file protein04.cif (mmCIF, C-alpha atoms)
data_work
#
loop_
_atom_site.label_atom_id
_atom_site.label_comp_id
_atom_site.auth_asym_id
_atom_site.auth_seq_id
_atom_site.Cartn_x
_atom_site.Cartn_y
_atom_site.Cartn_z
CA MET A 1 0.00 0.00 0.00
CA LYS A 2 2.79 2.42 0.94
CA THR A 3 4.61 1.62 -2.29
CA HIS A 4 1.45 2.32 -4.27
CA VAL A 5 0.98 5.70 -2.55
CA LYS A 6 4.62 6.64 -3.19
CA SER A 7 4.21 5.80 -6.88
CA ILE A 8 1.16 8.05 -7.13
CA ILE A 9 3.05 10.90 -5.44
CA VAL A 10 5.99 10.50 -7.85
CA VAL A 11 3.66 10.52 -10.88
CA LEU A 12 1.86 13.65 -9.63
CA PHE A 13 5.18 15.36 -8.99
CA VAL A 14 6.41 14.58 -12.51
CA LEU A 15 3.16 15.83 -14.03
CA TRP A 16 3.31 19.02 -11.94
CA GLY A 17 6.92 19.57 -13.04
CA ALA A 18 5.93 19.18 -16.69
CA GLN A 19 3.14 21.75 -16.25
CA VAL A 20 5.50 24.24 -14.59
CA SER A 21 7.94 23.77 -17.47
CA ARG A 22 5.23 24.65 -20.00
CA GLY A 23 4.22 27.60 -17.84
CA GLU A 24 7.75 28.98 -17.78
CA ALA A 25 7.88 28.95 -21.58
CA TRP A 26 4.93 31.31 -22.00
CA VAL A 27 6.08 33.55 -19.13
CA THR A 28 9.52 33.82 -20.72
CA LYS A 29 7.94 35.01 -23.99
CA MET A 30 6.86 38.21 -22.23
CA PHE A 31 10.47 39.23 -21.54
CA ALA A 32 12.54 41.02 -24.19
CA GLU A 33 15.72 39.57 -22.63
CA THR A 34 16.38 36.99 -19.94
CA LYS A 35 20.15 37.44 -19.43
CA HIS A 36 22.41 40.41 -18.77
CA ASP A 37 26.16 40.71 -18.20
CA PHE A 38 27.18 43.84 -16.29
CA GLY A 39 30.76 43.25 -17.36
CA THR A 40 33.54 44.71 -15.19
CA VAL A 41 32.34 47.47 -12.87
CA ALA A 42 33.88 49.57 -10.12
CA ARG A 43 33.25 49.11 -6.44
CA GLY A 44 30.52 51.51 -5.30
CA ALA A 45 29.15 51.97 -8.82
CA ASP A 46 25.37 52.17 -9.18
CA THR A 47 24.94 49.21 -11.52
CA VAL A 48 21.34 48.56 -12.53
CA TYR A 49 19.63 46.71 -15.38
CA ARG A 50 15.91 46.70 -16.17
CA PHE A 51 14.42 43.59 -17.76
CA GLN A 52 11.44 44.66 -19.88
CA VAL A 53 8.29 42.55 -19.64
CA LYS A 54 5.21 43.02 -21.85
CA ASN A 55 1.81 41.39 -21.41
CA ILE A 56 1.10 39.78 -24.80
CA TYR A 57 -1.94 37.90 -23.52
CA LYS A 58 -5.65 38.72 -23.23
CA GLN A 59 -5.94 38.49 -19.45
CA ASP A 60 -4.34 40.85 -16.96
CA VAL A 61 -1.04 39.42 -15.69
CA GLU A 62 0.30 40.24 -12.21
CA LEU A 63 4.01 40.14 -11.42
CA VAL A 64 3.63 38.79 -7.90
CA SER A 65 7.23 38.57 -6.70
CA VAL A 66 10.88 38.23 -7.66
CA SER A 67 13.64 36.58 -5.64
CA SER A 68 17.41 36.35 -6.07
CA SER A 69 19.66 33.33 -5.58
CA CYS A 70 22.53 35.60 -4.44
CA GLY A 71 22.81 38.61 -2.16
CA CYS A 72 25.00 40.23 -4.80
CA THR A 73 21.84 41.24 -6.69
CA SER A 74 18.71 42.93 -5.34
CA PRO A 75 15.67 42.63 -7.64
CA THR A 76 12.49 44.73 -7.61
CA ILE A 77 9.31 44.96 -9.68
CA ASP A 78 8.48 48.40 -11.09
CA LYS A 79 4.89 47.71 -12.16
CA LYS A 80 2.99 44.72 -10.83
CA VAL A 81 -0.28 44.51 -12.79
CA LEU A 82 0.01 44.56 -16.59
CA LYS A 83 -3.01 44.80 -18.84
CA THR A 84 -2.89 43.59 -22.44
CA GLY A 85 -0.07 45.39 -24.25
CA GLU A 86 1.28 47.15 -21.16
CA VAL A 87 5.00 47.13 -20.32
CA GLY A 88 6.65 46.74 -16.92
CA TYR A 89 10.16 46.09 -15.63
CA VAL A 90 12.03 43.77 -13.30
CA THR A 91 15.00 45.81 -12.05
CA ALA A 92 18.23 44.08 -11.00
CA SER A 93 20.66 46.10 -8.84
CA PHE A 94 24.21 44.76 -8.54
CA ASN A 95 25.39 45.26 -4.94
CA THR A 96 28.82 46.68 -5.67
CA ARG A 97 29.27 48.26 -2.24
CA THR A 98 29.22 44.98 -0.31
CA PHE A 99 30.57 42.49 -2.86
CA THR A 100 33.73 42.25 -4.95
CA GLY A 101 34.90 39.75 -7.53
CA VAL A 102 32.94 37.67 -10.04
CA HIS A 103 29.31 37.14 -9.04
CA GLY A 104 26.05 36.14 -10.63
CA ALA A 105 22.43 35.57 -9.63
CA THR A 106 19.35 33.79 -10.89
CA LEU A 107 16.19 35.86 -10.48
CA THR A 108 12.95 33.90 -10.17
CA VAL A 109 9.87 35.85 -11.24
CA THR A 110 6.45 34.59 -10.17
CA VAL A 111 3.36 35.70 -12.11
CA ARG A 112 -0.35 35.26 -11.47
CA TRP A 113 -3.53 35.64 -13.51
CA ASN A 114 -7.25 35.00 -13.14
CA ASP A 115 -8.39 31.94 -15.07
CA LYS A 116 -12.21 32.10 -15.01
CA GLY A 117 -12.30 32.80 -11.30
CA LEU A 118 -9.30 30.66 -10.34
CA LEU A 119 -5.94 32.26 -9.52
CA ARG A 120 -3.17 30.51 -11.44
CA THR A 121 0.58 31.00 -10.94
CA ALA A 122 3.70 30.28 -12.97
CA GLU A 123 7.29 31.46 -12.98
CA THR A 124 10.37 32.05 -15.10
CA GLN A 125 14.01 32.84 -14.43
CA LEU A 126 16.35 35.67 -15.39
CA ARG A 127 20.13 35.73 -15.09
CA VAL A 128 22.66 38.49 -14.28
CA ASP A 129 26.46 38.26 -14.02
CA GLY A 130 29.32 40.66 -13.46
CA ASN A 131 32.78 41.33 -12.05
CA ILE A 132 33.07 43.92 -9.28
CA ARG A 133 36.57 45.35 -9.07
CA GLY A 134 37.73 46.11 -5.55
CA ASP A 135 40.68 48.22 -6.68
CA ILE A 136 38.57 50.93 -8.36
CA VAL A 137 36.01 52.96 -6.41
CA PHE A 138 33.46 55.58 -7.61
CA GLN A 139 32.09 58.21 -5.25
CA PRO A 140 29.19 58.77 -5.86
CA GLY A 141 28.37 55.55 -7.70
CA ALA A 142 26.67 57.23 -10.68
CA VAL A 143 25.92 60.60 -12.22
CA GLY A 144 22.36 61.73 -11.60
CA PHE A 145 20.78 64.89 -12.99
CA THR A 146 17.40 65.37 -11.31
CA ALA A 147 14.78 67.69 -12.83
CA VAL A 148 17.07 69.95 -14.87
CA ASP A 149 15.19 72.68 -16.75
CA GLN A 150 15.56 72.46 -20.51
CA GLY A 151 18.20 74.93 -21.64
CA ALA A 152 19.99 74.94 -18.26
CA VAL A 153 23.51 73.62 -17.64
CA ALA A 154 24.15 71.13 -14.84
CA GLU A 155 27.37 69.60 -13.54
CA GLN A 156 28.34 66.75 -11.23
CA HIS A 157 31.72 65.56 -9.95
CA VAL A 158 32.68 61.91 -9.40
CA GLU A 159 35.81 60.90 -7.48
CA VAL A 160 37.59 57.94 -9.09
CA THR A 161 40.18 56.24 -6.88
CA TYR A 162 42.46 53.29 -7.58
CA ALA A 163 44.74 51.19 -5.40
CA GLY A 164 47.13 48.73 -7.07
CA ARG A 165 49.80 49.35 -9.70
CA SER A 166 51.84 52.50 -9.44
CA ASN A 167 51.59 53.25 -13.18
CA TRP A 168 47.82 52.72 -13.51
CA LYS A 169 45.97 55.55 -15.23
CA VAL A 170 42.80 56.51 -17.09
CA THR A 171 43.68 57.24 -20.71
CA ASP A 172 40.26 58.28 -22.09
CA VAL A 173 36.56 58.71 -21.32
CA ARG A 174 34.19 57.54 -24.07
CA GLY A 175 30.50 57.29 -24.74
CA ALA A 176 29.49 60.87 -24.10
CA SER A 177 26.61 61.98 -26.32
CA ASP A 178 26.20 65.42 -27.89
CA SER A 179 24.33 66.49 -24.75
CA ILE A 180 27.15 65.57 -22.36
CA GLU A 181 30.77 66.61 -22.04
CA VAL A 182 33.40 65.42 -19.56
CA GLU A 183 36.62 66.68 -18.01
CA LEU A 184 39.07 64.32 -16.27
CA THR A 185 41.70 65.70 -13.88
CA GLU A 186 44.32 63.71 -11.96
CA LYS A 187 44.19 65.08 -8.41
CA LYS A 188 46.87 63.04 -6.62
CA ARG A 189 49.20 60.09 -7.06
CA TYR A 190 51.29 58.44 -4.38
CA SER A 191 52.76 54.97 -3.93
CA ASN A 192 50.21 52.61 -5.52
CA HIS A 193 47.25 54.98 -5.23
CA VAL A 194 45.80 57.48 -7.67
CA ALA A 195 42.71 59.72 -7.57
CA TYR A 196 40.90 61.47 -10.42
CA ASP A 197 38.13 64.06 -10.52
CA LEU A 198 35.61 63.30 -13.26
CA LEU A 199 33.44 66.30 -14.13
CA VAL A 200 30.30 65.44 -16.11
CA ARG A 201 28.45 68.39 -17.62
CA LEU A 202 24.94 68.34 -19.06
CA LYS A 203 24.79 70.91 -21.84
CA GLY A 204 22.04 73.46 -22.27
CA THR A 205 21.31 71.96 -25.68
CA ALA A 206 20.08 68.67 -24.15
CA ALA A 207 16.66 67.66 -25.42
CA ALA A 208 13.77 67.30 -23.00
CA GLY A 209 13.14 63.82 -21.64
CA TYR A 210 14.88 61.12 -19.64
CA LEU A 211 18.64 60.46 -19.64
CA ASN A 212 19.96 56.91 -19.54
CA GLU A 213 23.51 56.81 -20.80
CA GLN A 214 26.82 55.16 -20.01
CA LEU A 215 30.31 56.61 -19.91
CA VAL A 216 33.31 54.29 -20.17
CA LEU A 217 36.63 54.99 -18.47
CA VAL A 218 39.39 53.52 -20.64
CA THR A 219 42.48 52.54 -18.63
CA ASN A 220 45.91 51.10 -19.37
CA ASP A 221 44.95 47.85 -17.61
CA GLU A 222 45.39 45.22 -20.33
CA GLU A 223 43.18 42.63 -18.63
CA ASN A 224 40.19 44.91 -17.83
CA PRO A 225 40.73 48.19 -19.66
CA ARG A 226 37.11 49.46 -19.63
CA VAL A 227 35.11 50.55 -16.56
CA PRO A 228 31.56 51.94 -17.03
CA ILE A 229 29.74 54.62 -15.06
CA TYR A 230 26.06 55.42 -15.62
CA VAL A 231 24.47 58.81 -16.27
CA THR A 232 20.75 59.18 -15.55
CA GLY A 233 18.33 62.02 -15.03
CA LYS A 234 15.52 64.07 -16.51
CA VAL A 235 15.45 67.26 -18.53
CA VAL A 236 12.18 69.07 -17.79
CA PRO A 237 10.70 70.49 -21.02
CA SER A 238 10.38 74.24 -21.38
CA ILE A 239 7.19 73.76 -23.41
CA SER A 240 4.45 71.53 -22.02
CA VAL A 241 0.84 70.71 -22.79
CA ALA A 242 -2.08 70.25 -20.41
CA PRO A 243 -3.62 67.78 -20.68
CA GLU A 244 -1.13 65.54 -22.49
CA SER A 245 -3.99 63.20 -23.45
CA LEU A 246 -7.15 64.88 -24.74
CA MET A 247 -10.35 62.82 -24.61
CA LEU A 248 -12.91 63.96 -27.19
CA GLY A 249 -15.37 61.23 -26.23
CA SER A 250 -17.93 59.53 -28.49
CA VAL A 251 -18.88 61.46 -31.63
CA ASN A 252 -21.59 60.45 -34.10
CA GLN A 253 -20.48 60.15 -37.71
CA GLY A 254 -20.89 63.45 -39.52
CA GLU A 255 -20.95 65.50 -36.30
CA GLN A 256 -18.29 67.76 -34.76
CA VAL A 257 -16.83 68.32 -31.32
CA SER A 258 -14.54 71.04 -29.96
CA LYS A 259 -12.30 71.23 -26.89
CA LYS A 260 -9.44 73.35 -25.60
CA PHE A 261 -5.98 72.56 -24.28
CA MET A 262 -3.21 74.76 -22.91
CA VAL A 263 0.38 75.12 -24.10
CA ARG A 264 2.69 76.74 -21.56
CA GLY A 265 6.35 77.68 -21.26
CA LYS A 266 8.83 79.21 -18.85
CA THR A 267 9.35 82.26 -21.10
CA PRO A 268 7.08 84.00 -23.65
CA PHE A 269 6.85 82.19 -27.00
CA ARG A 270 4.72 82.00 -30.13
CA ILE A 271 3.08 78.90 -31.58
CA THR A 272 4.29 78.63 -35.18
CA SER A 273 2.42 75.50 -36.25
CA ILE A 274 0.17 72.69 -35.05
CA GLN A 275 0.40 69.54 -37.14
CA CYS A 276 -1.16 66.09 -37.28
CA ASP A 277 -1.47 63.39 -39.93
CA ASP A 278 -5.26 63.71 -40.26
CA GLN A 279 -5.77 67.30 -41.47
CA ASN A 280 -9.12 66.28 -42.96
CA CYS A 281 -10.77 65.63 -39.59
CA PHE A 282 -8.74 67.86 -37.24
CA ALA A 283 -8.44 71.65 -37.21
CA PHE A 284 -6.85 74.02 -34.69
CA LYS A 285 -7.31 77.64 -33.68
CA THR A 286 -4.98 79.75 -31.53
CA ASP A 287 -3.50 83.24 -31.19
CA ASP A 288 -0.27 84.56 -32.72
CA LYS A 289 0.94 86.51 -29.69
CA ALA A 290 4.06 85.92 -27.59
CA SER A 291 2.97 84.61 -24.23
CA GLU A 292 3.88 82.08 -21.55
CA ARG A 293 0.44 80.46 -21.96
CA HIS A 294 -1.65 79.74 -25.03
CA PHE A 295 -5.11 78.20 -25.26
CA VAL A 296 -5.65 76.12 -28.38
CA GLU A 297 -9.09 75.10 -29.63
CA ILE A 298 -9.23 71.74 -31.35
CA HIS A 299 -12.08 70.80 -33.74
CA PHE A 300 -12.77 67.19 -34.63
CA ASP A 301 -15.06 66.40 -37.59
CA ALA A 302 -16.16 62.75 -37.45
CA LYS A 303 -15.84 62.02 -41.16
CA LYS A 304 -14.05 58.75 -40.49
CA ALA A 305 -15.40 55.22 -40.43
CA ALA A 306 -16.80 54.08 -37.11
CA GLY A 307 -14.18 53.07 -34.56
CA ASP A 308 -11.55 54.41 -32.21
CA VAL A 309 -9.35 57.38 -33.14
CA LYS A 310 -5.88 58.04 -31.76
CA GLN A 311 -4.15 61.09 -33.21
CA PRO A 312 -0.71 62.44 -32.14
CA ILE A 313 -0.42 66.23 -32.45
CA LEU A 314 2.84 68.22 -32.69
CA ILE A 315 3.07 71.86 -31.52
CA SER A 316 6.05 73.88 -32.81
CA THR A 317 7.21 77.21 -31.38
CA ASP A 318 9.48 80.09 -32.34
CA LEU A 319 12.03 78.94 -29.73
CA GLY A 320 13.43 76.29 -32.07
CA GLU A 321 13.07 72.62 -32.99
CA LYS A 322 14.01 71.35 -29.53
CA PHE A 323 11.30 73.44 -27.90
CA ARG A 324 8.23 71.62 -29.13
CA ALA A 325 5.45 69.70 -27.43
CA THR A 326 3.14 66.82 -28.26
CA LEU A 327 -0.22 65.56 -27.12
CA THR A 328 -2.52 62.77 -28.23
CA ALA A 329 -6.22 63.19 -29.02
CA TYR A 330 -8.59 60.25 -28.53
CA ALA A 331 -12.13 59.83 -29.85
CA THR A 332 -14.65 57.15 -30.72
CA VAL A 333 -16.65 57.57 -33.92
CA VAL A 334 -20.14 56.13 -33.38
CA PRO A 335 -21.71 54.59 -36.50
CA THR A 336 -24.93 55.83 -38.05
CA GLU A 337 -27.26 53.88 -40.33
CA ASN A 338 -25.91 55.48 -43.49
CA GLY A 339 -22.35 55.95 -42.35
CA PRO A 340 -19.34 54.00 -43.65
CA LYS A 341 -18.73 50.65 -42.03
CA ALA A 342 -15.67 49.95 -39.92
CA PRO A 343 -13.33 47.24 -41.17
CA GLU A 344 -13.83 43.76 -39.78
CA PRO A 345 -11.64 43.03 -36.71
CA ALA A 346 -8.81 40.56 -36.99
CA ALA A 347 -9.80 36.96 -36.39
CA VAL A 348 -9.48 35.85 -32.79
CA GLN A 349 -7.10 32.98 -32.18
CA PRO A 350 -9.23 29.82 -31.86
CA ALA A 351 -9.50 28.17 -28.49
CA ALA A 352 -7.39 25.11 -27.80
CA ALA A 353 -8.86 21.74 -28.62
CA GLN A 354 -10.63 19.85 -25.85
CA PRO A 355 -8.44 17.41 -23.94
CA THR A 356 -8.28 13.80 -24.95
CA ALA A 357 -7.76 10.90 -22.59
CA THR A 358 -4.01 11.00 -23.11
CA GLN A 359 -3.17 14.70 -23.70
CA PRO A 360 -4.49 17.64 -21.61
CA ALA A 361 -5.40 20.90 -23.31
CA PRO A 362 -3.25 24.01 -22.60
CA ASN A 363 -6.05 25.47 -20.49
CA ALA A 364 -6.22 22.43 -18.21
CA GLY A 365 -4.86 23.14 -14.76
CA THR A 366 -4.80 22.38 -11.08
CA SER A 367 -6.46 24.13 -8.21
CA ALA A 368 -6.23 27.87 -7.57
CA GLY A 369 -2.81 29.20 -6.65
CA SER A 370 -0.90 26.18 -7.91
CA GLY A 371 2.15 26.34 -10.16
CA SER A 372 0.07 24.85 -12.90
CA GLY A 373 1.80 26.05 -16.04
CA VAL A 374 -1.58 27.05 -17.50
CA LYS A 375 -1.18 30.16 -19.62
CA PRO A 376 -3.58 33.05 -20.24
CA SER A 377 -5.54 32.47 -23.42
CA GLY A 378 -4.64 34.09 -26.70
CA VAL A 379 -1.91 36.40 -27.82
CA ALA A 380 -2.65 40.08 -28.07
CA ALA A 381 -2.55 41.72 -31.49
CA GLN A 382 0.83 43.20 -32.15
#
call {"tool": "encode", "arguments": {"input": "protein04.cif", "output": "C-alpha cells"}}
result
Amino acid sequence: MKTHVKSIIVVLFVLWGAQVSRGEAWVTKMFAETKHDFGTVARGADTVYRFQVKNIYKQDVELVSVSSSCGCTSPTIDKKVLKTGEVGYVTASFNTRTFTGVHGATLTVTVRWNDKGLLRTAETQLRVDGNIRGDIVFQPGAVGFTAVDQGAVAEQHVEVTYAGRSNWKVTDVRGASDSIEVELTEKKRYSNHVAYDLLVRLKGTAAAGYLNEQLVLVTNDEENPRVPIYVTGKVVPSISVAPESLMLGSVNQGEQVSKKFMVRGKTPFRITSIQCDDQNCFAFKTDDKASERHFVEIHFDAKKAAGDVKQPILISTDLGEKFRATLTAYATVVPTENGPKAPEPAAVQPAAAQPTATQPAPNAGTSAGSGSGVKPSGVAAQ
C-alpha cells in the first residue's frame, strides 16, 4: 500500500513539473531579454539593469514577486499589474558596495492571472552576471541629474580612486553623447594609489526627456581596460501641454466636437504651427501673440469610419526645434445607419482543442494558486 501511494506521489510530482515547465515557456515570452552581463564594474558603482516585460496575452497578468539566488543582486518589480499590451520592468541592482569579484544571480519571477475565477501561478528565471573590481572605487556611484530645466547647464563631480599598480591611469573617457561633455583631472598620485576628478556636464542643448547613458573609463589595464559609469536624469521640457492626453469622447459620424488645451512655457513664446497626420478631420485655432500660456481650440469632424481614433499632435514654437510639445487626441466615432462601415476586426485565435484521454489541453490546470503552467488564453494583437 505504501509503495502504491509513493508511486502516485511520484507521478503527480512529474506531471506538476511538466506543467511548470510549459508555464515557464509562456512567461519567458513576455520578456525582451532573460540574461544580462554587467561586465567589469567599479566598487561603489550604481549598476542597474531593467528587464522589460510586456503582457502579450488577453488576461491581466500580475508580477507577484521576484527573488534572487545571491545577495550580490537585489531585484524589484516596477509595475505589478500589466493589462494587455502594457509594459513593466524587473530591475536588477548589482550590490557593488558589499561584494567584490565575479558574481552572478538567478532571479525567479512569479506571475499570477485570473483563469475564469481561479488564480493561477507560474514562474520564469532571469540571469545576471558581473565582475566587481575592488581596486577601483566611484564616489558617488553614478551621475544623476534630477529635474534639470531644458536649456539649463548642470554639472556633477565623481571621485575615481584606484589602489594597485603605481603606473595605472585613465587614458580616455568615451561614450558621451552630444548632450554631455566630460573633463578628467588627476588630483593626486602616491605609492600605488591614484585619484581622479571626473566632471560630467549636461549641456544646455540637451533635449527634454529622460537620460539613460553610459560613460566608459578607458584605462591602461590590459586585462580589464574598460570601466563603465552610468548617467541618468531628466530634462524638464520648457514647453508643455495640459492635458497631455485629450479625450474627445464619443462622436456620431458626420458631427463635430470642440475642446481646448493649454500650451505653456517658462518664457514667452509663439506657436508657429500645429500639425497632425489627419488634417481632414482635425483643425486648430490659436493666437499669434508671444505669451507664456496659449489656449488652443481643437475641432474634430467625425468624417471617419466608425471606430476608435488616436491622433498624435505636434506643436512647434518660435524657440526652435528642440522646444516643441506633443499631445494625443482620442475619440470614438459612433456609426450611423448610413455611415461607412468599420473594417472587420482581426480573427481571434481559436481556443485550444478539448483534452483527450491522453493529452491535456493548454487550459487544463490544477487548483487555484498552484504552479500549474496554465497560460492566459490568446496572444494580443501586435
call {"tool": "resolve_selection", "arguments": {"input": "protein04.cif", "expression": "the PyMOL selection byres ((chain A and resi 229) around 9)", "output": "ChimeraX atom specification"}}
result
/A:41-42,45-47,138,141-143,213-217,227-228,230-231
call {"tool": "atom_distance", "arguments": {"input": "protein04.cif", "atom1": "CA of Thr121 in chain A", "atom2": "CA of Glu33 in chain A"}}
result
21.0 Å
call {"tool": "residues_around", "arguments": {"input": "protein04.cif", "residues": "Gln256 in chain A", "least_positions_apart": "4", "cutoff": "12 Å", "atoms": "all atoms listed in the file", "output": "PyMOL selection string"}}
result
chain A and resi 248-252+281-283+298-304+331-334
call {"tool": "write_last_selection", "arguments": {"input": "protein04.cif", "atoms": "C-alpha atoms", "output": "short mmCIF file (atom, residue, chain, number, x, y, z; two decimals), in the frame of the given file"}}
result
data_model
loop_
_atom_site.label_atom_id
_atom_site.label_comp_id
_atom_site.auth_asym_id
_atom_site.auth_seq_id
_atom_site.Cartn_x
_atom_site.Cartn_y
_atom_site.Cartn_z
CA LEU A 248 -12.91 63.96 -27.19
CA GLY A 249 -15.37 61.23 -26.23
CA SER A 250 -17.93 59.53 -28.49
CA VAL A 251 -18.88 61.46 -31.63
CA ASN A 252 -21.59 60.45 -34.10
CA CYS A 281 -10.77 65.63 -39.59
CA PHE A 282 -8.74 67.86 -37.24
CA ALA A 283 -8.44 71.65 -37.21
CA ILE A 298 -9.23 71.74 -31.35
CA HIS A 299 -12.08 70.80 -33.74
CA PHE A 300 -12.77 67.19 -34.63
CA ASP A 301 -15.06 66.40 -37.59
CA ALA A 302 -16.16 62.75 -37.45
CA LYS A 303 -15.84 62.02 -41.16
CA LYS A 304 -14.05 58.75 -40.49
CA ALA A 331 -12.13 59.83 -29.85
CA THR A 332 -14.65 57.15 -30.72
CA VAL A 333 -16.65 57.57 -33.92
CA VAL A 334 -20.14 56.13 -33.38
#
call {"tool": "closest_residue", "arguments": {"input": "protein04.cif", "among": "A:Val257, A:Ala242, A:Ala152, A:Val218", "to": "Leu202 in chain A", "atoms": "all atoms listed in the file"}}
result
A:Ala152
call {"tool": "closest_residue", "arguments": {"input": "protein04.cif", "among": "A:Pro335, A:Pro75, A:Gly88, A:Gly144", "to": "Thr108 in chain A", "atoms": "all atoms listed in the file"}}
result
A:Pro75
call {"tool": "atom_distance", "arguments": {"input": "protein04.cif", "atom1": "CA of Lys260 in chain A", "atom2": "CA of Pro243 in chain A"}}
result
9.4 Å
call {"tool": "resolve_selection", "arguments": {"input": "protein04.cif", "expression": "the PyMOL selection byres ((chain A and resi 205) around 9)", "output": "PyMOL selection string"}}
result
chain A and resi 150-153+178-179+202-204+206-207+322
call {"tool": "atom_distance", "arguments": {"input": "protein04.cif", "atom1": "CA of Lys188 in chain A", "atom2": "CA of Arg226 in chain A"}}
result
21.2 Å
call {"tool": "resolve_selection", "arguments": {"input": "protein04.cif", "expression": "the PyMOL selection byres ((chain A and resi 163) around 8)", "output": "PDB file with C-alpha atoms, keeping the file's coordinate frame"}}
result
ATOM      1  CA  ASP A 135      40.680  48.220  -6.680  1.00  0.00           C
ATOM      2  CA  ILE A 136      38.570  50.930  -8.360  1.00  0.00           C
ATOM      3  CA  THR A 161      40.180  56.240  -6.880  1.00  0.00           C
ATOM      4  CA  TYR A 162      42.460  53.290  -7.580  1.00  0.00           C
ATOM      5  CA  GLY A 164      47.130  48.730  -7.070  1.00  0.00           C
ATOM      6  CA  ARG A 165      49.800  49.350  -9.700  1.00  0.00           C
ATOM      7  CA  ASN A 192      50.210  52.610  -5.520  1.00  0.00           C
ATOM      8  CA  HIS A 193      47.250  54.980  -5.230  1.00  0.00           C
ATOM      9  CA  VAL A 194      45.800  57.480  -7.670  1.00  0.00           C
TER      10      VAL A 194
END
call {"tool": "residues_around", "arguments": {"input": "protein04.cif", "residues": "Val296 in chain A", "least_positions_apart": "3", "cutoff": "8 Å", "atoms": "only C-alpha atoms", "output": "ChimeraX atom specification"}}
result
/A:260-263,284-287
call {"tool": "closest_residue", "arguments": {"input": "protein04.cif", "among": "A:Gly265, A:Gly320, A:Pro312, A:Pro225", "to": "Ser291 in chain A", "atoms": "only C-alpha atoms"}}
result
A:Gly265
call {"tool": "residues_around", "arguments": {"input": "protein04.cif", "residues": "range 50-66 of chain A", "least_positions_apart": "3", "cutoff": "9 Å", "atoms": "only C-alpha atoms", "output": "PyMOL selection string"}}
result
chain A and resi 28-36+75-77+79-93+107-115+121+126+375-382
call {"tool": "closest_residue", "arguments": {"input": "protein04.cif", "among": "A:Ser67, A:Thr96, A:Asn131, A:Asn212", "to": "Gly233 in chain A", "atoms": "all atoms listed in the file"}}
result
A:Asn212
call {"tool": "closest_residue", "arguments": {"input": "protein04.cif", "among": "A:Gln311, A:Thr106, A:Gln139, A:Thr100", "to": "Glu244 in chain A", "atoms": "all atoms listed in the file"}}
result
A:Gln311
call {"tool": "closest_residue", "arguments": {"input": "protein04.cif", "among": "A:Leu246, A:Pro140, A:Arg127, A:Asn95", "to": "Ser258 in chain A", "atoms": "only C-alpha atoms"}}
result
A:Leu246
call {"tool": "build_atoms", "arguments": {"input": "protein04.cif", "residues": "range 133-147 of chain A", "atoms": "N, CA and C atoms", "output": "CSV table (one decimal), keeping the file's coordinate frame"}}
result
chain,number,residue,atom,x,y,z
A,133,ARG,N,35.2,45.1,-9.4
A,133,ARG,CA,36.6,45.4,-9.1
A,133,ARG,C,36.7,46.1,-7.7
A,134,GLY,N,37.5,45.5,-6.8
A,134,GLY,CA,37.7,46.1,-5.6
A,134,GLY,C,38.8,47.2,-5.6
A,135,ASP,N,39.6,47.3,-6.6
A,135,ASP,CA,40.7,48.2,-6.7
A,135,ASP,C,40.3,49.6,-7.2
A,136,ILE,N,39.1,49.7,-7.8
A,136,ILE,CA,38.6,50.9,-8.4
A,136,ILE,C,37.3,51.3,-7.6
A,137,VAL,N,37.2,52.5,-7.2
A,137,VAL,CA,36.0,53.0,-6.4
A,137,VAL,C,35.5,54.3,-7.0
A,138,PHE,N,34.1,54.3,-7.2
A,138,PHE,CA,33.5,55.6,-7.6
A,138,PHE,C,32.7,56.2,-6.4
A,139,GLN,N,32.8,57.5,-6.3
A,139,GLN,CA,32.1,58.2,-5.2
A,139,GLN,C,31.6,59.6,-5.8
A,140,PRO,N,30.3,59.7,-6.0
A,140,PRO,CA,29.2,58.8,-5.9
A,140,PRO,C,29.2,57.7,-6.9
A,141,GLY,N,28.3,56.7,-6.8
A,141,GLY,CA,28.4,55.6,-7.7
A,141,GLY,C,27.8,55.8,-9.1
A,142,ALA,N,27.2,56.9,-9.4
A,142,ALA,CA,26.7,57.2,-10.7
A,142,ALA,C,26.5,58.7,-10.8
A,143,VAL,N,26.2,59.2,-12.0
A,143,VAL,CA,25.9,60.6,-12.2
A,143,VAL,C,24.4,60.7,-12.4
A,144,GLY,N,23.8,61.6,-11.5
A,144,GLY,CA,22.4,61.7,-11.6
A,144,GLY,C,22.0,63.2,-11.7
A,145,PHE,N,21.3,63.5,-12.8
A,145,PHE,CA,20.8,64.9,-13.0
A,145,PHE,C,19.3,64.8,-12.8
A,146,THR,N,18.8,65.4,-11.7
A,146,THR,CA,17.4,65.4,-11.3
A,146,THR,C,16.7,66.7,-11.7
A,147,ALA,N,15.7,66.6,-12.5
A,147,ALA,CA,14.8,67.7,-12.8
A,147,ALA,C,15.6,68.9,-13.2
